[in-house]
file my_file-v7.json (JSON, C-alpha atoms)
[["chain", "number", "residue", "atom", "x", "y", "z"],
["A", 1130, "MET", "CA", 44.36, -61.81, -26.13],
["A", 1131, "LYS", "CA", 43.50, -62.00, -29.83],
["A", 1132, "ARG", "CA", 46.77, -63.83, -30.59],
["A", 1133, "ALA", "CA", 46.11, -66.28, -27.72],
["A", 1134, "LEU", "CA", 42.62, -67.07, -29.03],
["A", 1135, "GLY", "CA", 44.08, -67.52, -32.49],
["A", 1136, "SER", "CA", 46.66, -69.93, -31.11],
["A", 1137, "HIS", "CA", 43.98, -72.05, -29.44],
["A", 1138, "ALA", "CA", 41.90, -72.09, -32.64],
["A", 1139, "LYS", "CA", 44.97, -73.09, -34.68],
["A", 1140, "ARG", "CA", 45.72, -75.93, -32.27],
["A", 1141, "ALA", "CA", 42.12, -77.17, -32.37],
["A", 1142, "PHE", "CA", 42.19, -77.09, -36.17],
["A", 1143, "ASP", "CA", 45.51, -78.97, -36.21],
["A", 1144, "VAL", "CA", 44.21, -81.76, -33.96],
["A", 1145, "THR", "CA", 40.94, -82.12, -35.86],
["A", 1146, "VAL", "CA", 42.52, -82.27, -39.32],
["A", 1147, "ALA", "CA", 45.48, -84.45, -38.25],
["A", 1148, "GLY", "CA", 43.15, -86.93, -36.57],
["A", 1149, "LEU", "CA", 40.93, -87.11, -39.65],
["A", 1150, "LEU", "CA", 43.89, -87.49, -42.00],
["A", 1151, "LEU", "CA", 45.37, -90.27, -39.87],
["A", 1152, "VAL", "CA", 42.15, -92.27, -40.26],
["A", 1153, "LEU", "CA", 41.78, -91.55, -43.99],
["A", 1154, "THR", "CA", 45.41, -92.33, -44.84],
["A", 1155, "LEU", "CA", 45.69, -95.45, -42.70],
["A", 1156, "PRO", "CA", 45.53, -97.84, -45.71],
["A", 1157, "VAL", "CA", 48.18, -95.76, -47.52],
["A", 1158, "GLN", "CA", 50.41, -95.72, -44.45],
["A", 1159, "LEU", "CA", 50.03, -99.46, -43.96],
["A", 1160, "GLY", "CA", 50.93, -100.15, -47.59],
["A", 1161, "THR", "CA", 53.88, -97.76, -47.38],
["A", 1162, "ALA", "CA", 55.14, -99.41, -44.20],
["A", 1163, "ILE", "CA", 55.10, -102.80, -45.92],
["A", 1164, "ALA", "CA", 56.91, -101.43, -49.01],
["A", 1165, "VAL", "CA", 59.54, -99.69, -46.88],
["A", 1166, "ARG", "CA", 60.07, -102.84, -44.77],
["A", 1167, "ILE", "CA", 60.62, -104.93, -47.91],
["A", 1168, "ARG", "CA", 62.91, -102.39, -49.65],
["A", 1169, "PHE", "CA", 64.86, -100.93, -46.73],
["A", 1170, "GLY", "CA", 64.42, -103.42, -43.92],
["A", 1171, "SER", "CA", 63.93, -102.39, -40.31],
["A", 1172, "PRO", "CA", 63.23, -99.85, -38.92],
["A", 1173, "VAL", "CA", 60.37, -98.64, -41.12],
["A", 1174, "LEU", "CA", 60.30, -95.19, -39.53],
["A", 1175, "PHE", "CA", 62.98, -92.50, -39.62],
["A", 1176, "ARG", "CA", 63.30, -90.66, -36.32],
["A", 1177, "GLN", "CA", 65.41, -87.56, -35.74],
["A", 1178, "THR", "CA", 65.62, -84.81, -33.14],
["A", 1179, "ARG", "CA", 64.57, -81.42, -34.47],
["A", 1180, "PRO", "CA", 63.99, -77.99, -32.85],
["A", 1181, "GLY", "CA", 60.36, -77.20, -32.14],
["A", 1182, "LEU", "CA", 58.56, -74.28, -30.51],
["A", 1183, "HIS", "CA", 61.13, -71.99, -28.84],
["A", 1184, "ALA", "CA", 63.79, -74.35, -30.29],
["A", 1185, "GLU", "CA", 62.89, -77.06, -27.76],
["A", 1186, "PRO", "CA", 63.93, -80.46, -29.18],
["A", 1187, "PHE", "CA", 61.41, -83.08, -30.24],
["A", 1188, "GLU", "CA", 61.60, -86.31, -32.24],
["A", 1189, "ILE", "CA", 60.16, -86.05, -35.74],
["A", 1190, "VAL", "CA", 58.84, -89.26, -37.32],
["A", 1191, "LYS", "CA", 58.71, -90.04, -41.05],
["A", 1192, "PHE", "CA", 58.83, -93.09, -43.30],
["A", 1193, "ARG", "CA", 62.36, -94.08, -44.27],
["A", 1194, "THR", "CA", 63.33, -93.07, -47.79],
["A", 1195, "MET", "CA", 67.01, -94.07, -47.86],
["A", 1196, "LEU", "CA", 69.16, -97.17, -47.53],
["A", 1197, "GLY", "CA", 71.35, -97.52, -44.47],
["A", 1198, "VAL", "CA", 75.04, -96.59, -44.72],
["A", 1199, "ASP", "CA", 77.04, -99.54, -46.08],
["A", 1200, "PRO", "CA", 80.71, -98.76, -46.86],
["A", 1201, "ALA", "CA", 81.38, -102.13, -48.55],
["A", 1202, "PRO", "CA", 79.35, -101.47, -51.75],
["A", 1203, "GLY", "CA", 79.96, -97.73, -51.51],
["A", 1204, "VAL", "CA", 76.52, -96.81, -50.14],
["A", 1205, "ILE", "CA", 77.70, -93.88, -48.05],
["A", 1206, "ASP", "CA", 76.47, -90.48, -49.27],
["A", 1207, "ASP", "CA", 72.84, -89.42, -49.73],
["A", 1208, "PRO", "CA", 72.63, -89.87, -53.53],
["A", 1209, "ALA", "CA", 73.92, -93.43, -53.26],
["A", 1210, "ARG", "CA", 71.49, -94.23, -50.44],
["A", 1211, "MET", "CA", 68.45, -92.83, -52.26],
["A", 1212, "THR", "CA", 66.27, -95.30, -54.18],
["A", 1213, "THR", "CA", 63.43, -95.05, -56.69],
["A", 1214, "LEU", "CA", 60.95, -95.81, -53.90],
["A", 1215, "GLY", "CA", 62.50, -93.14, -51.70],
["A", 1216, "ARG", "CA", 62.34, -90.50, -54.43],
["A", 1217, "TRP", "CA", 58.69, -91.34, -55.06],
["A", 1218, "LEU", "CA", 57.80, -91.18, -51.37],
["A", 1219, "ARG", "CA", 59.42, -87.73, -51.11],
["A", 1220, "ALA", "CA", 57.95, -86.45, -54.38],
["A", 1221, "THR", "CA", 54.43, -87.39, -53.26],
["A", 1222, "SER", "CA", 55.13, -86.35, -49.62],
["A", 1223, "ILE", "CA", 53.84, -89.74, -48.45],
["A", 1224, "ASP", "CA", 56.98, -90.03, -46.33],
["A", 1225, "GLU", "CA", 55.57, -87.13, -44.25],
["A", 1226, "LEU", "CA", 52.35, -88.90, -43.20],
["A", 1227, "PRO", "CA", 53.72, -90.18, -39.85],
["A", 1228, "THR", "CA", 54.36, -86.56, -38.83],
["A", 1229, "LEU", "CA", 50.61, -86.36, -38.26],
["A", 1230, "TRP", "CA", 51.42, -88.02, -34.93],
["A", 1231, "ASN", "CA", 53.79, -85.13, -34.19],
["A", 1232, "ILE", "CA", 50.87, -82.77, -34.71],
["A", 1233, "LEU", "CA", 48.60, -84.69, -32.35],
["A", 1234, "ARG", "CA", 51.34, -84.72, -29.71],
["A", 1235, "GLY", "CA", 51.72, -80.95, -30.01],
["A", 1236, "ASP", "CA", 55.25, -81.04, -31.43],
["A", 1237, "MET", "CA", 54.19, -79.56, -34.75],
["A", 1238, "SER", "CA", 51.42, -77.73, -36.57],
["A", 1239, "LEU", "CA", 49.97, -78.32, -40.02],
["A", 1240, "VAL", "CA", 51.41, -74.98, -41.13],
["A", 1241, "GLY", "CA", 54.60, -73.32, -39.89],
["A", 1242, "PRO", "CA", 58.32, -73.08, -40.62],
["A", 1243, "ARG", "CA", 59.77, -76.48, -41.44],
["A", 1244, "PRO", "CA", 61.86, -77.96, -38.60],
["A", 1245, "LEU", "CA", 65.49, -78.23, -39.68],
["A", 1246, "MET", "CA", 68.48, -79.88, -37.99],
["A", 1247, "MET", "CA", 69.51, -79.16, -34.40],
["A", 1248, "GLN", "CA", 73.07, -78.31, -35.45],
["A", 1249, "TYR", "CA", 71.80, -75.40, -37.56],
["A", 1250, "LEU", "CA", 70.57, -73.49, -34.50],
["A", 1251, "GLU", "CA", 73.93, -71.87, -33.86],
["A", 1252, "LEU", "CA", 74.13, -70.67, -37.47],
["A", 1253, "TYR", "CA", 71.00, -68.50, -37.38],
["A", 1254, "SER", "CA", 71.09, -64.75, -37.01],
["A", 1255, "PRO", "CA", 68.79, -63.41, -34.24],
["A", 1256, "GLU", "CA", 66.24, -62.49, -36.91],
["A", 1257, "GLN", "CA", 66.32, -65.93, -38.52],
["A", 1258, "ALA", "CA", 66.02, -67.61, -35.12],
["A", 1259, "ARG", "CA", 62.56, -66.06, -34.76],
["A", 1260, "ARG", "CA", 61.28, -68.86, -37.01],
["A", 1261, "HIS", "CA", 61.07, -70.85, -33.77],
["A", 1262, "ASP", "CA", 58.56, -68.46, -32.19],
["A", 1263, "VAL", "CA", 55.76, -70.69, -33.52],
["A", 1264, "ARG", "CA", 55.39, -74.46, -33.79],
["A", 1265, "PRO", "CA", 57.15, -75.93, -36.83],
["A", 1266, "GLY", "CA", 54.86, -77.13, -39.61],
["A", 1267, "VAL", "CA", 54.46, -80.04, -41.98],
["A", 1268, "THR", "CA", 54.14, -77.37, -44.68],
["A", 1269, "GLY", "CA", 54.75, -73.64, -44.67],
["A", 1270, "LEU", "CA", 54.95, -70.41, -46.59],
["A", 1271, "ALA", "CA", 58.45, -71.22, -47.86],
["A", 1272, "GLN", "CA", 57.34, -74.63, -49.12],
["A", 1273, "VAL", "CA", 54.48, -73.25, -51.24],
["A", 1274, "SER", "CA", 56.78, -70.50, -52.52],
["A", 1275, "GLY", "CA", 59.25, -72.88, -54.11],
["A", 1276, "ARG", "CA", 60.02, -75.72, -51.67],
["A", 1277, "ASN", "CA", 63.65, -76.87, -52.06],
["A", 1278, "ALA", "CA", 64.20, -74.62, -55.09],
["A", 1279, "LEU", "CA", 64.46, -71.54, -52.81],
["A", 1280, "SER", "CA", 67.73, -70.25, -51.40],
["A", 1281, "TRP", "CA", 68.16, -70.59, -47.63],
["A", 1282, "GLU", "CA", 68.04, -66.81, -47.20],
["A", 1283, "ASP", "CA", 64.67, -66.67, -48.97],
["A", 1284, "ARG", "CA", 63.33, -69.57, -46.93],
["A", 1285, "PHE", "CA", 64.31, -67.91, -43.64],
["A", 1286, "ARG", "CA", 62.83, -64.60, -44.76],
["A", 1287, "LEU", "CA", 59.53, -66.28, -45.57],
["A", 1288, "ASP", "CA", 59.59, -68.20, -42.27],
["A", 1289, "VAL", "CA", 59.93, -64.99, -40.26],
["A", 1290, "HIS", "CA", 57.25, -63.32, -42.39],
["A", 1291, "TYR", "CA", 54.92, -66.19, -41.48],
["A", 1292, "VAL", "CA", 55.69, -65.78, -37.78],
["A", 1293, "ASP", "CA", 54.72, -62.10, -37.94],
["A", 1294, "HIS", "CA", 51.67, -62.38, -40.20],
["A", 1295, "HIS", "CA", 50.13, -65.86, -39.90],
["A", 1296, "SER", "CA", 46.36, -66.20, -39.76],
["A", 1297, "PHE", "CA", 43.74, -68.93, -40.09],
["A", 1298, "ALA", "CA", 42.81, -67.77, -43.57],
["A", 1299, "GLY", "CA", 46.48, -67.66, -44.53],
["A", 1300, "ASP", "CA", 46.99, -71.20, -43.22],
["A", 1301, "LEU", "CA", 44.08, -72.47, -45.32],
["A", 1302, "LYS", "CA", 45.60, -70.83, -48.39],
["A", 1303, "ILE", "CA", 48.99, -72.44, -47.68],
["A", 1304, "ILE", "CA", 47.37, -75.86, -47.24],
["A", 1305, "GLY", "CA", 45.54, -75.46, -50.54],
["A", 1306, "SER", "CA", 48.73, -74.40, -52.30],
["A", 1307, "THR", "CA", 50.57, -77.38, -50.75],
["A", 1308, "VAL", "CA", 48.06, -79.84, -52.17],
["A", 1309, "ARG", "CA", 48.46, -78.31, -55.63],
["A", 1310, "SER", "CA", 52.26, -78.21, -55.34],
["A", 1311, "VAL", "CA", 52.51, -81.86, -54.29],
["A", 1312, "ALA", "CA", 50.12, -82.89, -57.07],
["A", 1313, "LYS", "CA", 52.37, -81.16, -59.62],
["A", 1314, "ARG", "CA", 55.57, -82.18, -57.76],
["A", 1315, "ASP", "CA", 56.87, -78.61, -57.92],
["A", 1316, "GLY", "CA", 60.06, -77.55, -56.16],
["A", 1317, "ILE", "CA", 61.50, -81.00, -55.52],
["A", 1318, "ALA", "CA", 65.29, -81.20, -55.09],
["A", 1319, "PRO", "CA", 67.04, -81.07, -58.50],
["A", 1320, "ASP", "CA", 68.17, -84.27, -60.23],
["A", 1321, "GLY", "CA", 71.38, -85.51, -58.68],
["A", 1322, "GLU", "CA", 70.58, -83.94, -55.31],
["A", 1323, "ALA", "CA", 69.03, -86.35, -52.84],
["A", 1324, "THR", "CA", 68.66, -83.64, -50.20],
["A", 1325, "MET", "CA", 69.12, -79.89, -50.03],
["A", 1326, "GLN", "CA", 72.36, -78.79, -48.41],
["A", 1327, "ILE", "CA", 72.44, -75.87, -46.00],
["A", 1328, "GLY", "CA", 75.11, -73.25, -45.94],
["A", 1329, "ARG", "CA", 75.99, -70.89, -43.10],
["A", 1330, "ALA", "CA", 73.09, -68.58, -42.31],
["A", 1331, "SER", "CA", 73.95, -64.90, -42.64]]
call {"tool": "encode", "arguments": {"input": "my_file-v7.json", "output": "structure tokens"}}
result
Amino acid sequence: MKRALGSHAKRAFDVTVAGLLLVLTLPVQLGTAIAVRIRFGSPVLFRQTRPGLHAEPFEIVKFRTMLGVDPAPGVIDDPARMTTLGRWLRATSIDELPTLWNILRGDMSLVGPRPLMMQYLELYSPEQARRHDVRPGVTGLAQVSGRNALSWEDRFRLDVHYVDHHSFAGDLKIIGSTVRSVAKRDGIAPDGEATMQIGRAS
């Protein structure tokens, strides 16, 4: 009963904050959409299927940060497709602003394990798979503990720890730490790595 009430309170908090942030960041999102359209062309938004609560698939929405694949000039792998604008959008987490719609739709929460790729599901151990026992989050315990600088094993361990011990007070602390981490740009993928690569979960 207590966990159910906590879940309802968490959802109400998510909807309230996401709705407020959507209104407050509207000028930023509009300016970003224009910049992305000019630099990358159409579409402005990146959409991809990710596993949500109980590993049910949903479509995550972000601003595009990479050029499309173009074999002719050699724009194929992630480093070649990444641009200065894309790096800045990721470093400031502005590319994540459209995921506020995912929160309003109930696909995601403000705080929870980050949703990874669908193809990784079969690589998880039963313990690691428990990260899907809660809604995925825009930020999470692993992100404020090192973001992309953490090993996958450490990220999964922190995800499961969050599932077992999350609370409203803990979520507020994670949100506060996220704001500070983004402001300092801590834990961003190392130079030369456009994205973090996953290995087989063990």
call {"tool": "closest_residue", "arguments": {"input": "my_file-v7.json", "among": "A:Pro1265, A:Pro1255, A:Gly1215, A:Pro1180", "to": "Gly1241 (chain A)", "atoms": "all atoms listed in the file"}}
result
A:Pro1265
call {"tool": "residues_around", "arguments": {"input": "my_file-v7.json", "residues": "Phe1192 (chain A)", "least_positions_apart": "4", "cutoff": "9 Å", "atoms": "only C-alpha atoms", "output": "PyMOL selection string"}}
result
chain A and resi 1158+1161-1162+1165+1173-1176+1218+1223-1227
call {"tool": "closest_residue", "arguments": {"input": "my_file-v7.json", "among": "A:Lys1191, A:Arg1264, A:Lys1313, A:Arg1179", "to": "Leu1229 (chain A)", "atoms": "all atoms listed in the file"}}
result
A:Lys1191
call {"tool": "atom_distance", "arguments": {"input": "my_file-v7.json", "atom1": "CA of Ala1184 (chain A)", "atom2": "CA of Asp1262 (chain A)"}}
result
8.1 Å
call {"tool": "closest_residue", "arguments": {"input": "my_file-v7.json", "among": "A:Ser1136, A:Thr1268, A:Ser1280, A:Thr1212", "to": "Pro1242 (chain A)", "atoms": "only C-alpha atoms"}}
result
A:Thr1268
call {"tool": "atom_distance", "arguments": {"input": "my_file-v7.json", "atom1": "CA of Met1237 (chain A)", "atom2": "CA of Arg1140 (chain A)"}}
result
9.5 Å
call {"tool": "closest_atom_pairs", "arguments": {"input": "my_file-v7.json", "of": "region 1173-1270 of chain A", "to": "region 1292-1301 of chain A", "cutoff": "12 Å", "atoms": "all atoms listed in the file", "output": "JSON lines"}}
result
{"residue": "A:Leu1182", "atom": "CA", "partner": "A:Val1292", "partner_atom": "CA", "distance": 11.5}
{"residue": "A:Ser1238", "atom": "CA", "partner": "A:Asp1300", "partner_atom": "CA", "distance": 10.3}
{"residue": "A:Leu1239", "atom": "CA", "partner": "A:Asp1300", "partner_atom": "CA", "distance": 8.4}
{"residue": "A:Val1240", "atom": "CA", "partner": "A:Asp1300", "partner_atom": "CA", "distance": 6.2}
{"residue": "A:Gly1241", "atom": "CA", "partner": "A:Val1292", "partner_atom": "CA", "distance": 7.9}
{"residue": "A:Pro1242", "atom": "CA", "partner": "A:Val1292", "partner_atom": "CA", "distance": 8.3}
{"residue": "A:Glu1256", "atom": "CA", "partner": "A:Val1292", "partner_atom": "CA", "distance": 11.1}
{"residue": "A:Gln1257", "atom": "CA", "partner": "A:Val1292", "partner_atom": "CA", "distance": 10.7}
{"residue": "A:Ala1258", "atom": "CA", "partner": "A:Val1292", "partner_atom": "CA", "distance": 10.8}
{"residue": "A:Arg1259", "atom": "CA", "partner": "A:Val1292", "partner_atom": "CA", "distance": 7.5}
{"residue": "A:Arg1260", "atom": "CA", "partner": "A:Val1292", "partner_atom": "CA", "distance": 6.4}
{"residue": "A:His1261", "atom": "CA", "partner": "A:Val1292", "partner_atom": "CA", "distance": 8.4}
{"residue": "A:Asp1262", "atom": "CA", "partner": "A:Val1292", "partner_atom": "CA", "distance": 6.8}
{"residue": "A:Val1263", "atom": "CA", "partner": "A:Val1292", "partner_atom": "CA", "distance": 6.5}
{"residue": "A:Arg1264", "atom": "CA", "partner": "A:Val1292", "partner_atom": "CA", "distance": 9.6}
{"residue": "A:Pro1265", "atom": "CA", "partner": "A:Val1292", "partner_atom": "CA", "distance": 10.3}
{"residue": "A:Gly1266", "atom": "CA", "partner": "A:Asp1300", "partner_atom": "CA", "distance": 10.5}
{"residue": "A:Val1267", "atom": "CA", "partner": "A:Asp1300", "partner_atom": "CA", "distance": 11.6}
{"residue": "A:Thr1268", "atom": "CA", "partner": "A:Asp1300", "partner_atom": "CA", "distance": 9.6}
{"residue": "A:Gly1269", "atom": "CA", "partner": "A:Asp1300", "partner_atom": "CA", "distance": 8.3}
{"residue": "A:Leu1270", "atom": "CA", "partner": "A:Asp1300", "partner_atom": "CA", "distance": 8.7}
call {"tool": "closest_residue", "arguments": {"input": "my_file-v7.json", "among": "A:Thr1221, A:Tyr1291, A:Asp1236, A:Glu1185", "to": "Val1308 (chain A)", "atoms": "all atoms listed in the file"}}
result
A:Thr1221
call {"tool": "residues_around", "arguments": {"input": "my_file-v7.json", "residues": "Leu1150 (chain A)", "least_positions_apart": "2", "cutoff": "12 Å", "atoms": "all atoms listed in the file", "output": "list of chain:residue names"}}
result
A:Asp1143, A:Val1144, A:Thr1145, A:Val1146, A:Ala1147, A:Gly1148, A:Val1152, A:Leu1153, A:Thr1154, A:Leu1155, A:Pro1156, A:Val1157, A:Gln1158, A:Glu1225, A:Leu1226, A:Pro1227, A:Thr1228, A:Leu1229, A:Trp1230, A:Ile1232, A:Leu1233, A:Leu1239
